[in-house]
Number of protein chains: 2
Amino acid sequence: MSQSTAEARSERYEELLRAAAECFQSRGFAATSIDTVARHLGATKGRVYHYFPSKMDLFNAVRDRAMDLVFAASDDGYQMQGTPAARLNVMSAGHARSMIDDLPYMHVLIDGLQMLRYSTTTQFQREAMEAHLTRRDLYEQRFREVVLQGVADGQFHIGPQLSITIQSFMSTLNGPVFWYRPRGEDTPESRQAIVDDVVRFAMSGLGLSADSFTQHSNQSQKVFA
Amino acid sequence: MSQSTAEARSERYEELLRAAAECFQSRGFAATSIDTVARHLGATKGRVYHYFPSKMDLFNAVRDRAMDLVFAASDDGYQMQGTPAARLNVMSAGHARSMIDDLPYMHVLIDGLQMLRYSTTTQFQREAMEAHLTRRDLYEQRFREVVLQGVADGQFHIGPQLSITIQSFMSTLNGPVFWYRPRGEDTPESRQAIVDDVVRFAMSGLGLSADSFTQHSNQSQKVFA
DNA sequence: AGGAAACATACTACTTGGTATGTAGTCAAT
DNA sequence: ATTGACTACATACCAAGTAGTATGTTTCCT
């Protein structure tokens, strides 16, 4: 197999994955038939089943890809040096940005959890689900870790139950998946403005004003230790 | 028809409505069959179709009921006298409380929006959907109104885009629908603690500390005008 | 007793996940 | 140039499930 054919296959695979994500987004898993995905591509079932052995595998592939994307989106902030507030700010912005930019995938990721008790008949599917949940916990753990550190530093001011605060924080960041829909007039800048506002709200929920975590070229301002 | 039979019918109707809500919650609309709902009641299709002419009508009834509940839950706060912060606090607590107490209904309400472009084939269904969206807008408008007044009073501090703030605020309040699941050990008090923490986060997102909106028996404390 | 309400049962037309098979194009070796 | 193997699909088909209907059957009220 030559280089170009391998690339071509990869492109076809991506095309199929995206089409599936879009269908799952707009109609949900159960209401999306394989024929639906195929028609969305101007193809037939044969093509879909050539790349994925079953509908469930297709869905899992989309969900796993979504997880890859959201991990990548917040990784810079997580690996970054700086205060918990600064790190969390970059992580959150990346996360929220991904919600908007990769909306079809993220929609699958967010409400793909209801699949928990849905049709977990097969053993193989149970394992795939469990592996996914592990990754998800790992992801949430990153945010929890940084928030906890901010609380320890006295920089964040949260309620008595950390888990509730984390859930609320993530709910805010995930929000765009439910209410944002791309329009003709929106630009990269307008999308960034949305992200900034969402992140501002989320950080503010932790008791932080924008001054305390945004990057200033003038370093003289330091509100907290 | 006697009084008791009318009551009995009403009870049966409620029982069916709740069973449907629970099924729709756990599996979604498309994956829930009429037989599923019937089996959940230990009955057969005949019973379901005796009360509802179609699956879609059943779903609409659940969704409308959910809207009734959430309206009722936040109405006290909306009608209340007081500062925008105090009113919004009570409204939000009622809303969040309803998310937890009426979880099956609320789940249907929240993600029932994806039905927008789903199978809106019939004209009648389009009208039902449009009527529902109108009520939903009206509901959100109540929160928007109170938030806007708080901003005008200088009591709230929000980002440049009001609509984004409102969406984030509602996302936080709706959050429990996605992550809360009833457990054996939770009590009315523990549930209230969850509600309080969620509301605290949401209000904090508007730049409000808990001191500025909670009711104090000692009235001497007034942080803002 | 008679009728209507409240279901259960049996059945139909249709959809859907998955499979089995056909087929056009590609690539490499002879 | 031809052949053979393989990829990348399309087509045809089947078993299972589902929304809705038509028709019993039991229970309750009057």
# chains A, B, ... in the order shown; residues from 1 in each chain; ligands from 1
$ closest_atom_pairs --of "chain D" --to "chain B" --cutoff "12 Å" --atoms "only C-alpha atoms (C1' of nucleotides)" --output "CSV"
residue,atom,partner,partner_atom,distance
D:DG17,C1',B:Ser33,CA,9.6
D:DT18,C1',B:Ser33,CA,7.0
D:DA19,C1',B:Lys55,CA,7.9
D:DG20,C1',B:Ser54,CA,7.9
D:DT21,C1',B:Tyr49,CA,10.4
D:DA22,C1',B:Gly46,CA,11.5
D:DT23,C1',B:Gly46,CA,11.6
D:DG24,C1',B:Gly46,CA,11.9
D:DC28,C1',B:Thr5,CA,9.2
D:DC29,C1',B:Met1,CA,7.2
D:DT30,C1',B:Met1,CA,9.2
$ interface_residues --of "chain C" --to "chain B" --cutoff "12 Å" --atoms "only C-alpha atoms (C1' of nucleotides)" --output "MDAnalysis selection string"
chainID C and resid 4:10
$ write_last_selection --atoms "N, CA and C atoms (P, O5', C5', C4', C3', O3' and C1' of nucleotides)" --output "mmCIF file, in the first residue's frame"
data_model
loop_
_atom_site.group_PDB
_atom_site.id
_atom_site.type_symbol
_atom_site.label_atom_id
_atom_site.label_comp_id
_atom_site.auth_asym_id
_atom_site.auth_seq_id
_atom_site.Cartn_x
_atom_site.Cartn_y
_atom_site.Cartn_z
ATOM 1 P P DA C 4 -72.470 3.420 26.069
ATOM 2 O "O5'" DA C 4 -71.235 4.153 26.744
ATOM 3 C "C5'" DA C 4 -71.386 4.720 28.049
ATOM 4 C "C4'" DA C 4 -70.215 4.351 28.936
ATOM 5 C "C3'" DA C 4 -68.834 4.533 28.282
ATOM 6 O "O3'" DA C 4 -68.026 5.276 29.156
ATOM 7 C "C1'" DA C 4 -68.985 2.431 29.319
ATOM 8 P P DA C 5 -66.779 6.098 28.574
ATOM 9 O "O5'" DA C 5 -65.638 5.781 29.652
ATOM 10 C "C5'" DA C 5 -65.984 5.748 31.033
ATOM 11 C "C4'" DA C 5 -65.124 4.746 31.774
ATOM 12 C "C3'" DA C 5 -63.621 4.855 31.501
ATOM 13 O "O3'" DA C 5 -62.926 4.780 32.726
ATOM 14 C "C1'" DA C 5 -64.354 2.648 31.116
ATOM 15 P P DA C 6 -61.374 5.181 32.830
ATOM 16 O "O5'" DA C 6 -60.627 3.775 32.776
ATOM 17 C "C5'" DA C 6 -60.924 2.800 33.766
ATOM 18 C "C4'" DA C 6 -60.164 1.534 33.491
ATOM 19 C "C3'" DA C 6 -58.729 1.733 32.960
ATOM 20 O "O3'" DA C 6 -57.853 0.786 33.559
ATOM 21 C "C1'" DA C 6 -59.914 0.353 31.502
ATOM 22 P P DC C 7 -56.263 1.112 33.695
ATOM 23 O "O5'" DC C 7 -55.771 1.032 32.167
ATOM 24 C "C5'" DC C 7 -54.914 -0.022 31.746
ATOM 25 C "C4'" DC C 7 -55.702 -1.306 31.514
ATOM 26 C "C3'" DC C 7 -54.948 -2.327 30.684
ATOM 27 O "O3'" DC C 7 -54.154 -3.152 31.526
ATOM 28 C "C1'" DC C 7 -57.276 -2.216 30.086
ATOM 29 P P DA C 8 -52.865 -3.891 30.910
ATOM 30 O "O5'" DA C 8 -53.492 -5.089 30.082
ATOM 31 C "C5'" DA C 8 -54.159 -6.148 30.747
ATOM 32 C "C4'" DA C 8 -54.537 -7.247 29.769
ATOM 33 C "C3'" DA C 8 -53.357 -7.811 28.962
ATOM 34 O "O3'" DA C 8 -53.491 -9.224 28.838
ATOM 35 C "C1'" DA C 8 -54.956 -6.875 27.476
ATOM 36 P P DT C 9 -52.298 -10.088 28.184
ATOM 37 O "O5'" DT C 9 -52.798 -10.352 26.688
ATOM 38 C "C5'" DT C 9 -54.150 -10.705 26.470
ATOM 39 C "C4'" DT C 9 -54.412 -10.929 24.987
ATOM 40 C "C3'" DT C 9 -53.229 -11.454 24.173
ATOM 41 O "O3'" DT C 9 -53.668 -12.511 23.338
ATOM 42 C "C1'" DT C 9 -54.059 -9.482 23.178
ATOM 43 P P DA C 10 -52.602 -13.353 22.473
ATOM 44 O "O5'" DA C 10 -52.976 -12.879 20.991
ATOM 45 C "C5'" DA C 10 -54.329 -12.535 20.669
ATOM 46 C "C4'" DA C 10 -54.397 -12.008 19.245
ATOM 47 C "C3'" DA C 10 -53.283 -12.513 18.325
ATOM 48 O "O3'" DA C 10 -53.813 -12.808 17.038
ATOM 49 C "C1'" DA C 10 -53.213 -10.157 18.437
#
$ closest_residue --among "A:Asn60, A:Ser26, A:Ser10, A:Thr134" --to "chain B" --atoms "only C-alpha atoms"
A:Ser26
$ interface_residues --of "chain B" --to "chain A" --cutoff "6 Å" --atoms "only C-alpha atoms" --output "PyMOL selection string"
chain B and resi 27+30-31+118+159+168+171-172+175+197+201+204-205
$ closest_residue --among "A:Arg126, A:Arg135, A:Arg12, A:Arg191" --to "A:Asp68" --atoms "only C-alpha atoms"
A:Arg135
$ residues_around --residues "B:Arg63" --least-positions-apart "3" --cutoff "8 Å" --atoms "only C-alpha atoms (C1' of nucleotides)" --output "compact mmCIF listing (two decimals) with C-alpha atoms, in the first residue's frame"
# COMPACT_ATOMS: atom_id res chain seq x y z
CA PHE B 59 -43.58 12.93 25.37
CA ASN B 60 -45.18 16.34 24.98
CA ALA B 66 -41.88 19.54 33.49
CA MET B 67 -42.34 23.13 32.41
CA TYR B 105 -39.14 15.35 34.36
CA VAL B 108 -36.73 15.42 29.68
CA LEU B 109 -37.17 19.18 29.83
CA GLY B 112 -35.80 17.66 25.09
$ atom_distance --atom1 "atom CA of B:Leu16" --atom2 "atom CA of B:Arg181"
21.5 Å
$ select_by_dssp --residues "stretch 65-212 of chain B" --states "helix (DSSP H, G or I)" --output "VMD selection string"
chain B and resid 65 to 79 84 to 101 103 to 116 123 to 152 162 to 174 176 to 179 188 to 205 210 to 212
$ residues_around --residues "A:Gly94" --least-positions-apart "3" --cutoff "9 Å" --atoms "only C-alpha atoms (C1' of nucleotides)" --output "PyMOL selection string"
chain A and resi 70+72-77+89-91+97-99+195
$ closest_residue --among "D:DT3, D:DT27, D:DA8, D:DC13" --to "C:DA20" --atoms "only C-alpha atoms (C1' of nucleotides)"
D:DC13
$ atom_distance --atom1 "atom CA of B:Val37" --atom2 "atom C1' of C:DT15"
20.0 Å
$ closest_residue --among "A:Ala96, A:Met106, A:Leu58, A:Ala85" --to "A:Val151" --atoms "only C-alpha atoms"
A:Ala85
$ decode --residues "stretch 5-87 of chain A" --atoms "C-alpha atoms" --output "CSV table (one decimal), in the first residue's frame"
chain,number,residue,atom,x,y,z
A,5,THR,CA,-3.5,5.4,-0.4
A,6,ALA,CA,-2.8,5.3,3.3
A,7,GLU,CA,-3.4,9.1,3.5
A,8,ALA,CA,-6.6,8.7,1.4
A,9,ARG,CA,-7.9,6.0,3.7
A,10,SER,CA,-7.1,8.2,6.7
A,11,GLU,CA,-9.0,11.1,5.1
A,12,ARG,CA,-12.0,8.9,4.4
A,13,TYR,CA,-12.0,7.7,7.9
A,14,GLU,CA,-11.9,11.2,9.3
A,15,GLU,CA,-14.7,12.2,7.0
A,16,LEU,CA,-16.8,9.3,8.2
A,17,LEU,CA,-16.1,10.0,11.8
A,18,ARG,CA,-17.1,13.7,11.5
A,19,ALA,CA,-20.3,12.8,9.6
A,20,ALA,CA,-21.2,10.3,12.4
A,21,ALA,CA,-20.5,13.0,15.0
A,22,GLU,CA,-22.8,15.4,13.3
A,23,CYS,CA,-25.6,12.9,13.0
A,24,PHE,CA,-25.2,11.8,16.6
A,25,GLN,CA,-25.2,15.4,17.7
A,26,SER,CA,-28.4,16.4,15.9
A,27,ARG,CA,-30.4,13.2,16.5
A,28,GLY,CA,-28.8,11.3,19.3
A,29,PHE,CA,-27.5,7.8,19.2
A,30,ALA,CA,-30.7,5.8,19.1
A,31,ALA,CA,-32.3,8.0,16.5
A,32,THR,CA,-29.3,7.9,14.2
A,33,SER,CA,-29.3,4.9,11.8
A,34,ILE,CA,-26.4,3.7,9.9
A,35,ASP,CA,-28.3,4.7,6.8
A,36,THR,CA,-28.6,8.2,8.1
A,37,VAL,CA,-24.9,8.6,8.5
A,38,ALA,CA,-24.3,7.0,5.0
A,39,ARG,CA,-26.8,9.4,3.4
A,40,HIS,CA,-25.2,12.3,5.1
A,41,LEU,CA,-22.1,11.3,3.2
A,42,GLY,CA,-23.9,10.6,0.0
A,43,ALA,CA,-23.0,6.9,0.4
A,44,THR,CA,-24.6,3.7,1.6
A,45,LYS,CA,-24.2,1.4,4.5
A,46,GLY,CA,-21.5,-0.6,2.8
A,47,ARG,CA,-19.0,2.3,3.3
A,48,VAL,CA,-19.8,2.7,7.0
A,49,TYR,CA,-19.5,-1.0,7.7
A,50,HIS,CA,-16.2,-1.1,5.7
A,51,TYR,CA,-14.6,1.1,8.4
A,52,PHE,CA,-16.5,0.2,11.5
A,53,PRO,CA,-17.8,-3.3,12.5
A,54,SER,CA,-20.8,-2.0,14.3
A,55,LYS,CA,-22.8,1.1,15.1
A,56,MET,CA,-21.6,1.0,18.7
A,57,ASP,CA,-18.0,0.9,17.5
A,58,LEU,CA,-18.6,3.9,15.4
A,59,PHE,CA,-20.1,5.7,18.4
A,60,ASN,CA,-17.2,4.7,20.6
A,61,ALA,CA,-14.7,6.0,18.0
A,62,VAL,CA,-16.4,9.4,18.0
A,63,ARG,CA,-16.5,9.6,21.7
A,64,ASP,CA,-12.9,8.6,22.1
A,65,ARG,CA,-11.9,11.2,19.5
A,66,ALA,CA,-13.9,13.8,21.4
A,67,MET,CA,-12.0,12.9,24.6
A,68,ASP,CA,-8.7,13.2,22.7
A,69,LEU,CA,-9.7,16.7,21.6
A,70,VAL,CA,-10.7,18.0,24.9
A,71,PHE,CA,-7.6,16.6,26.6
A,72,ALA,CA,-5.5,18.3,24.0
A,73,ALA,CA,-7.4,21.6,24.4
A,74,SER,CA,-6.7,22.0,28.1
A,75,ASP,CA,-3.3,20.4,28.2
A,76,ASP,CA,-1.3,23.5,27.7
A,77,GLY,CA,-2.9,25.2,30.7
A,78,TYR,CA,-2.4,22.1,32.8
A,79,GLN,CA,1.3,21.7,32.0
A,80,MET,CA,1.9,25.4,32.4
A,81,GLN,CA,3.9,27.1,35.1
A,82,GLY,CA,2.0,29.7,37.2
A,83,THR,CA,-0.6,30.2,39.9
A,84,PRO,CA,-3.5,27.9,40.1
A,85,ALA,CA,-5.7,30.7,38.9
A,86,ALA,CA,-3.6,31.4,35.9
A,87,ARG,CA,-3.4,27.7,35.0
